[in-house]
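Dropping target-v6.tsv in here (TSV, N, CA, C and O atoms):
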```tsv
chain	number	residue	atom	x	y	z
X	1	MET	N	0.84	-1.15	0.00
X	1	MET	CA	0.00	0.00	0.00
X	1	MET	C	0.90	1.22	0.00
X	1	MET	O	1.91	1.26	0.68
X	2	LYS	N	0.51	2.24	-0.75
X	2	LYS	CA	1.25	3.50	-0.78
X	2	LYS	C	0.28	4.66	-0.55
X	2	LYS	O	-0.79	4.71	-1.16
X	3	ASN	N	0.67	5.57	0.31
X	3	ASN	CA	-0.12	6.77	0.53
X	3	ASN	C	0.28	7.79	-0.52
X	3	ASN	O	1.34	8.40	-0.44
X	4	THR	N	-0.57	7.97	-1.52
X	4	THR	CA	-0.29	8.93	-2.59
X	4	THR	C	-0.92	10.29	-2.31
X	4	THR	O	-0.81	11.19	-3.14
X	5	GLY	N	-1.54	10.43	-1.15
X	5	GLY	CA	-2.18	11.70	-0.79
X	5	GLY	C	-1.22	12.67	-0.13
X	5	GLY	O	-0.01	12.45	-0.10
X	6	THR	N	-1.78	13.71	0.44
X	6	THR	CA	-0.98	14.76	1.08
X	6	THR	C	-1.14	14.79	2.60
X	6	THR	O	-0.53	15.62	3.26
X	7	THR	N	-1.96	13.89	3.14
X	7	THR	CA	-2.14	13.80	4.58
X	7	THR	C	-1.89	12.35	5.03
X	7	THR	O	-2.04	11.41	4.24
X	8	PRO	N	-1.50	12.15	6.28
X	8	PRO	CA	-1.27	10.78	6.78
X	8	PRO	C	-2.55	9.95	6.74
X	8	PRO	O	-3.65	10.48	6.86
X	9	ILE	N	-2.38	8.64	6.57
X	9	ILE	CA	-3.49	7.68	6.63
X	9	ILE	C	-3.33	6.90	7.92
X	9	ILE	O	-2.32	6.22	8.12
X	10	ASP	N	-4.30	7.02	8.83
X	10	ASP	CA	-4.27	6.28	10.09
X	10	ASP	C	-5.07	4.99	9.96
X	10	ASP	O	-6.11	4.96	9.32
X	11	ASP	N	-4.58	3.94	10.60
X	11	ASP	CA	-5.27	2.64	10.62
X	11	ASP	C	-5.66	2.17	9.22
X	11	ASP	O	-6.80	1.80	8.96
X	12	TRP	N	-4.70	2.14	8.32
X	12	TRP	CA	-4.94	1.75	6.92
X	12	TRP	C	-5.39	0.29	6.84
X	12	TRP	O	-5.17	-0.50	7.75
X	13	TYR	N	-6.05	-0.02	5.74
X	13	TYR	CA	-6.42	-1.41	5.44
X	13	TYR	C	-6.56	-1.56	3.93
X	13	TYR	O	-6.75	-0.59	3.22
X	14	VAL	N	-6.44	-2.79	3.49
X	14	VAL	CA	-6.62	-3.13	2.07
X	14	VAL	C	-7.54	-4.34	2.03
X	14	VAL	O	-7.40	-5.27	2.83
X	15	SER	N	-8.49	-4.32	1.10
X	15	SER	CA	-9.36	-5.49	0.91
X	15	SER	C	-9.30	-5.93	-0.54
X	15	SER	O	-8.96	-5.15	-1.42
X	16	TRP	N	-9.63	-7.19	-0.77
X	16	TRP	CA	-9.61	-7.73	-2.12
X	16	TRP	C	-10.61	-8.87	-2.21
X	16	TRP	O	-11.03	-9.44	-1.22
X	17	THR	N	-10.99	-9.17	-3.43
X	17	THR	CA	-11.91	-10.27	-3.71
X	17	THR	C	-11.12	-11.45	-4.24
X	17	THR	O	-10.27	-11.29	-5.12
X	18	MET	N	-11.41	-12.62	-3.69
X	18	MET	CA	-10.72	-13.84	-4.10
X	18	MET	C	-11.73	-14.80	-4.73
X	18	MET	O	-12.92	-14.72	-4.42
X	19	PRO	N	-11.26	-15.69	-5.58
X	19	PRO	CA	-12.17	-16.69	-6.14
X	19	PRO	C	-12.72	-17.59	-5.02
X	19	PRO	O	-12.10	-17.75	-3.97
X	20	SER	N	-13.88	-18.14	-5.26
X	20	SER	CA	-14.50	-19.06	-4.31
X	20	SER	C	-13.54	-20.21	-4.01
X	20	SER	O	-12.90	-20.75	-4.90
X	21	GLY	N	-13.42	-20.57	-2.75
X	21	GLY	CA	-12.58	-21.68	-2.33
X	21	GLY	C	-11.20	-21.28	-1.85
X	21	GLY	O	-10.51	-22.06	-1.22
X	22	VAL	N	-10.76	-20.05	-2.13
X	22	VAL	CA	-9.45	-19.59	-1.68
X	22	VAL	C	-9.52	-19.30	-0.19
X	22	VAL	O	-10.48	-18.72	0.30
X	23	THR	N	-8.51	-19.73	0.54
X	23	THR	CA	-8.44	-19.45	1.97
X	23	THR	C	-7.07	-18.88	2.33
X	23	THR	O	-6.06	-19.29	1.78
X	24	ILE	N	-7.06	-17.94	3.27
X	24	ILE	CA	-5.82	-17.36	3.79
X	24	ILE	C	-5.37	-18.25	4.94
X	24	ILE	O	-6.13	-18.49	5.88
X	25	SER	N	-4.13	-18.75	4.87
X	25	SER	CA	-3.65	-19.62	5.94
X	25	SER	C	-2.72	-18.90	6.92
X	25	SER	O	-2.67	-19.26	8.09
X	26	GLN	N	-1.97	-17.91	6.47
X	26	GLN	CA	-1.15	-17.11	7.36
X	26	GLN	C	-0.77	-15.81	6.67
X	26	GLN	O	-0.82	-15.72	5.45
X	27	GLY	N	-0.42	-14.80	7.44
X	27	GLY	CA	-0.05	-13.51	6.87
X	27	GLY	C	1.01	-12.84	7.72
X	27	GLY	O	1.27	-13.25	8.85
X	28	TRP	N	1.63	-11.81	7.18
X	28	TRP	CA	2.65	-11.07	7.91
X	28	TRP	C	2.55	-9.58	7.61
X	28	TRP	O	2.01	-9.19	6.60
X	29	ASN	N	3.05	-8.78	8.55
X	29	ASN	CA	3.04	-7.32	8.46
X	29	ASN	C	1.63	-6.74	8.45
X	29	ASN	O	1.38	-5.71	7.82
X	30	GLY	N	0.71	-7.38	9.14
X	30	GLY	CA	-0.66	-6.90	9.25
X	30	GLY	C	-1.54	-7.93	9.93
X	30	GLY	O	-1.11	-9.04	10.20
X	31	THR	N	-2.78	-7.55	10.18
X	31	THR	CA	-3.77	-8.46	10.74
X	31	THR	C	-4.71	-8.86	9.62
X	31	THR	O	-5.38	-8.01	9.04
X	32	PHE	N	-4.75	-10.13	9.29
X	32	PHE	CA	-5.53	-10.63	8.16
X	32	PHE	C	-6.87	-11.19	8.62
X	32	PHE	O	-6.98	-11.78	9.69
X	33	MET	N	-7.87	-10.99	7.77
X	33	MET	CA	-9.21	-11.51	8.00
X	33	MET	C	-9.76	-12.03	6.68
X	33	MET	O	-9.31	-11.59	5.61
X	34	GLN	N	-10.73	-12.90	6.76
X	34	GLN	CA	-11.40	-13.39	5.57
X	34	GLN	C	-12.86	-13.63	5.88
X	34	GLN	O	-13.20	-14.18	6.93
X	35	SER	N	-13.72	-13.21	4.98
X	35	SER	CA	-15.15	-13.49	5.06
X	35	SER	C	-15.59	-13.92	3.67
X	35	SER	O	-15.70	-13.08	2.76
X	36	GLY	N	-15.80	-15.20	3.49
X	36	GLY	CA	-16.17	-15.71	2.17
X	36	GLY	C	-15.06	-15.44	1.17
X	36	GLY	O	-13.92	-15.85	1.36
X	37	THR	N	-15.39	-14.70	0.13
X	37	THR	CA	-14.40	-14.41	-0.92
X	37	THR	C	-13.70	-13.07	-0.73
X	37	THR	O	-12.94	-12.64	-1.58
X	38	THR	N	-13.95	-12.40	0.40
X	38	THR	CA	-13.30	-11.12	0.67
X	38	THR	C	-12.17	-11.31	1.66
X	38	THR	O	-12.36	-11.85	2.75
X	39	GLY	N	-10.96	-10.88	1.27
X	39	GLY	CA	-9.81	-10.89	2.16
X	39	GLY	C	-9.51	-9.45	2.56
X	39	GLY	O	-9.80	-8.51	1.82
X	40	MET	N	-8.92	-9.27	3.74
X	40	MET	CA	-8.59	-7.93	4.21
X	40	MET	C	-7.36	-8.01	5.11
X	40	MET	O	-7.19	-8.97	5.86
X	41	VAL	N	-6.52	-6.99	5.01
X	41	VAL	CA	-5.41	-6.83	5.94
X	41	VAL	C	-5.50	-5.44	6.56
X	41	VAL	O	-5.70	-4.46	5.86
X	42	HIS	N	-5.41	-5.40	7.88
X	42	HIS	CA	-5.40	-4.15	8.63
X	42	HIS	C	-3.97	-3.85	9.07
X	42	HIS	O	-3.18	-4.76	9.29
X	43	ALA	N	-3.68	-2.58	9.25
X	43	ALA	CA	-2.35	-2.13	9.66
X	43	ALA	C	-1.93	-2.79	10.97
X	43	ALA	O	-2.73	-2.93	11.88
X	44	PRO	N	-0.64	-3.16	11.07
X	44	PRO	CA	-0.14	-3.64	12.35
X	44	PRO	C	0.05	-2.46	13.30
X	44	PRO	O	0.19	-1.31	12.85
X	45	SER	N	0.08	-2.71	14.58
X	45	SER	CA	0.20	-1.62	15.56
X	45	SER	C	1.49	-0.83	15.39
X	45	SER	O	1.52	0.37	15.61
X	46	TRP	N	2.55	-1.47	14.93
X	46	TRP	CA	3.84	-0.78	14.79
X	46	TRP	C	3.96	-0.01	13.48
X	46	TRP	O	4.97	0.67	13.25
X	47	ASN	N	2.97	-0.07	12.61
X	47	ASN	CA	3.01	0.65	11.33
X	47	ASN	C	1.60	1.08	10.94
X	47	ASN	O	1.16	0.89	9.81
X	48	SER	N	0.87	1.67	11.90
X	48	SER	CA	-0.54	1.96	11.65
X	48	SER	C	-0.79	3.28	10.94
X	48	SER	O	-1.89	3.53	10.47
X	49	THR	N	0.22	4.15	10.85
X	49	THR	CA	0.07	5.42	10.16
X	49	THR	C	1.04	5.51	9.00
X	49	THR	O	2.24	5.26	9.17
X	50	LEU	N	0.51	5.84	7.81
X	50	LEU	CA	1.36	6.03	6.64
X	50	LEU	C	1.43	7.51	6.32
X	50	LEU	O	0.42	8.14	6.01
X	51	ALA	N	2.62	8.07	6.38
X	51	ALA	CA	2.83	9.47	6.01
X	51	ALA	C	2.67	9.61	4.49
X	51	ALA	O	2.75	8.62	3.75
X	52	PRO	N	2.45	10.82	3.99
X	52	PRO	CA	2.38	11.02	2.54
X	52	PRO	C	3.64	10.46	1.86
X	52	PRO	O	4.76	10.71	2.30
X	53	GLY	N	3.44	9.65	0.84
X	53	GLY	CA	4.54	9.04	0.10
X	53	GLY	C	5.07	7.75	0.71
X	53	GLY	O	5.86	7.05	0.08
X	54	ALA	N	4.66	7.41	1.93
X	54	ALA	CA	5.14	6.20	2.60
X	54	ALA	C	4.43	4.96	2.06
X	54	ALA	O	3.32	5.04	1.53
X	55	THR	N	5.08	3.82	2.21
X	55	THR	CA	4.51	2.55	1.77
X	55	THR	C	4.51	1.54	2.91
X	55	THR	O	5.29	1.67	3.86
X	56	ALA	N	3.67	0.55	2.81
X	56	ALA	CA	3.63	-0.58	3.73
X	56	ALA	C	3.47	-1.83	2.88
X	56	ALA	O	2.75	-1.84	1.88
X	57	THR	N	4.17	-2.88	3.26
X	57	THR	CA	4.10	-4.14	2.52
X	57	THR	C	3.62	-5.24	3.46
X	57	THR	O	4.11	-5.37	4.57
X	58	ALA	N	2.63	-5.99	3.01
X	58	ALA	CA	2.10	-7.13	3.76
X	58	ALA	C	1.98	-8.29	2.78
X	58	ALA	O	1.92	-8.09	1.57
X	59	GLY	N	1.96	-9.48	3.30
X	59	GLY	CA	1.82	-10.64	2.43
X	59	GLY	C	1.08	-11.76	3.14
X	59	GLY	O	0.92	-11.75	4.36
X	60	PHE	N	0.64	-12.73	2.36
X	60	PHE	CA	-0.05	-13.87	2.95
X	60	PHE	C	0.16	-15.11	2.12
X	60	PHE	O	0.53	-15.05	0.94
X	61	LEU	N	-0.04	-16.23	2.76
X	61	LEU	CA	-0.05	-17.54	2.10
X	61	LEU	C	-1.45	-18.08	2.19
X	61	LEU	O	-2.15	-17.85	3.18
X	62	GLY	N	-1.85	-18.79	1.19
X	62	GLY	CA	-3.18	-19.38	1.19
X	62	GLY	C	-3.29	-20.47	0.16
X	62	GLY	O	-2.33	-20.76	-0.56
X	63	SER	N	-4.45	-21.06	0.08
X	63	SER	CA	-4.70	-22.09	-0.92
X	63	SER	C	-5.54	-21.48	-2.04
X	63	SER	O	-6.39	-20.62	-1.79
X	64	ASN	N	-5.27	-21.89	-3.25
X	64	ASN	CA	-6.00	-21.39	-4.41
X	64	ASN	C	-6.31	-22.56	-5.34
X	64	ASN	O	-5.51	-22.90	-6.19
X	65	PRO	N	-7.50	-23.16	-5.17
X	65	PRO	CA	-7.84	-24.32	-6.00
X	65	PRO	C	-8.17	-23.94	-7.44
X	65	PRO	O	-8.24	-24.81	-8.30
X	66	SER	N	-8.33	-22.63	-7.72
X	66	SER	CA	-8.62	-22.21	-9.09
X	66	SER	C	-7.39	-21.56	-9.69
X	66	SER	O	-6.36	-21.40	-9.04
X	67	SER	N	-7.47	-21.13	-10.93
X	67	SER	CA	-6.33	-20.48	-11.58
X	67	SER	C	-6.47	-18.97	-11.61
X	67	SER	O	-5.63	-18.29	-12.19
X	68	SER	N	-7.50	-18.42	-10.97
X	68	SER	CA	-7.72	-16.98	-10.99
X	68	SER	C	-7.04	-16.31	-9.81
X	68	SER	O	-7.26	-16.71	-8.67
X	69	PRO	N	-6.20	-15.29	-10.04
X	69	PRO	CA	-5.55	-14.60	-8.92
X	69	PRO	C	-6.52	-13.67	-8.20
X	69	PRO	O	-7.53	-13.25	-8.78
X	70	PRO	N	-6.23	-13.29	-6.94
X	70	PRO	CA	-7.07	-12.32	-6.23
X	70	PRO	C	-7.07	-10.98	-6.93
X	70	PRO	O	-6.13	-10.63	-7.63
X	71	THR	N	-8.14	-10.21	-6.76
X	71	THR	CA	-8.27	-8.88	-7.35
X	71	THR	C	-8.28	-7.83	-6.26
X	71	THR	O	-9.27	-7.71	-5.53
X	72	PRO	N	-7.18	-7.05	-6.08
X	72	PRO	CA	-7.17	-6.01	-5.04
X	72	PRO	C	-8.21	-4.94	-5.32
X	72	PRO	O	-8.53	-4.65	-6.48
X	73	THR	N	-8.75	-4.34	-4.25
X	73	THR	CA	-9.70	-3.24	-4.39
X	73	THR	C	-9.27	-2.06	-3.56
X	73	THR	O	-8.47	-2.17	-2.68
```

Could the structure of this file be written out as structure tokens, please?
Amino acid sequence: MKNTGTTPIDDWYVSWTMPSGVTISQGWNGTFMQSGTTGMVHAPSWNSTLAPGATATAGFLGSNPSSSPPTPT
């Protein structure tokens, strides 16, 4: 995630849609959640504010029984 704005972003999060059947098994650099086909990562406590121009990187492992990749939103 990158803050392309001019003000800090507090408690950032990213969500995405995954194909049916995909599950998140573990993640890092954030708190991960899943509800059906929606995945989400919330900012970790040690990196919860992104200054203008700052970036945060998070990742996860999961199972993907289909050939379609997740679509970030």

**Message:** Env of range 36-51 of chain X: 7 Å cut, atoms = all atoms listed in the file, seq-sep filter 4 positions within chain, self excluded. Answer as a list in words.
**Reply:**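 The residues that qualify are Lys2, Asn3, Thr4, Gly5, Thr6, Thr7, Pro8, Ile9, Asp10, Asp11, Trp12, Tyr13, Val14, Ser15, Trp16, Thr17, Met18, Pro19, Ser20, Gly21, Val22, Thr23, Asn29, Gly30, Thr31, Phe32, Thr55 and Ala56 of chain X.
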
**Item:** Coordinates-based distance that separates atom C of Gln34 in chain X from atom O of Leu61 in chain X (Å, one decimal)
**Value:**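 According to the coordinates, atom O of Leu61 in chain X and atom C of Gln34 in chain X are separated by 11.8 Å.
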
**Asked** Could you work out how far atom N of Met1 in chain X lies from atom C of Gly27 in chain X, giving the answer in Å with one decimal?
**Response** 14.0 Å

**Message:** If DSSP is run on the backbone, what residues of range 19-67 of chain X are strand (DSSP E)? A reply as a ChimeraX atom specification would be ideal.
**Reply:** /X:23-28,31-35,38-42,49-50,59-63

**Complete:** Students should find that atom O of Pro65 in chain X and atom C of Ser25 in chain X are spaced 17.2 Å
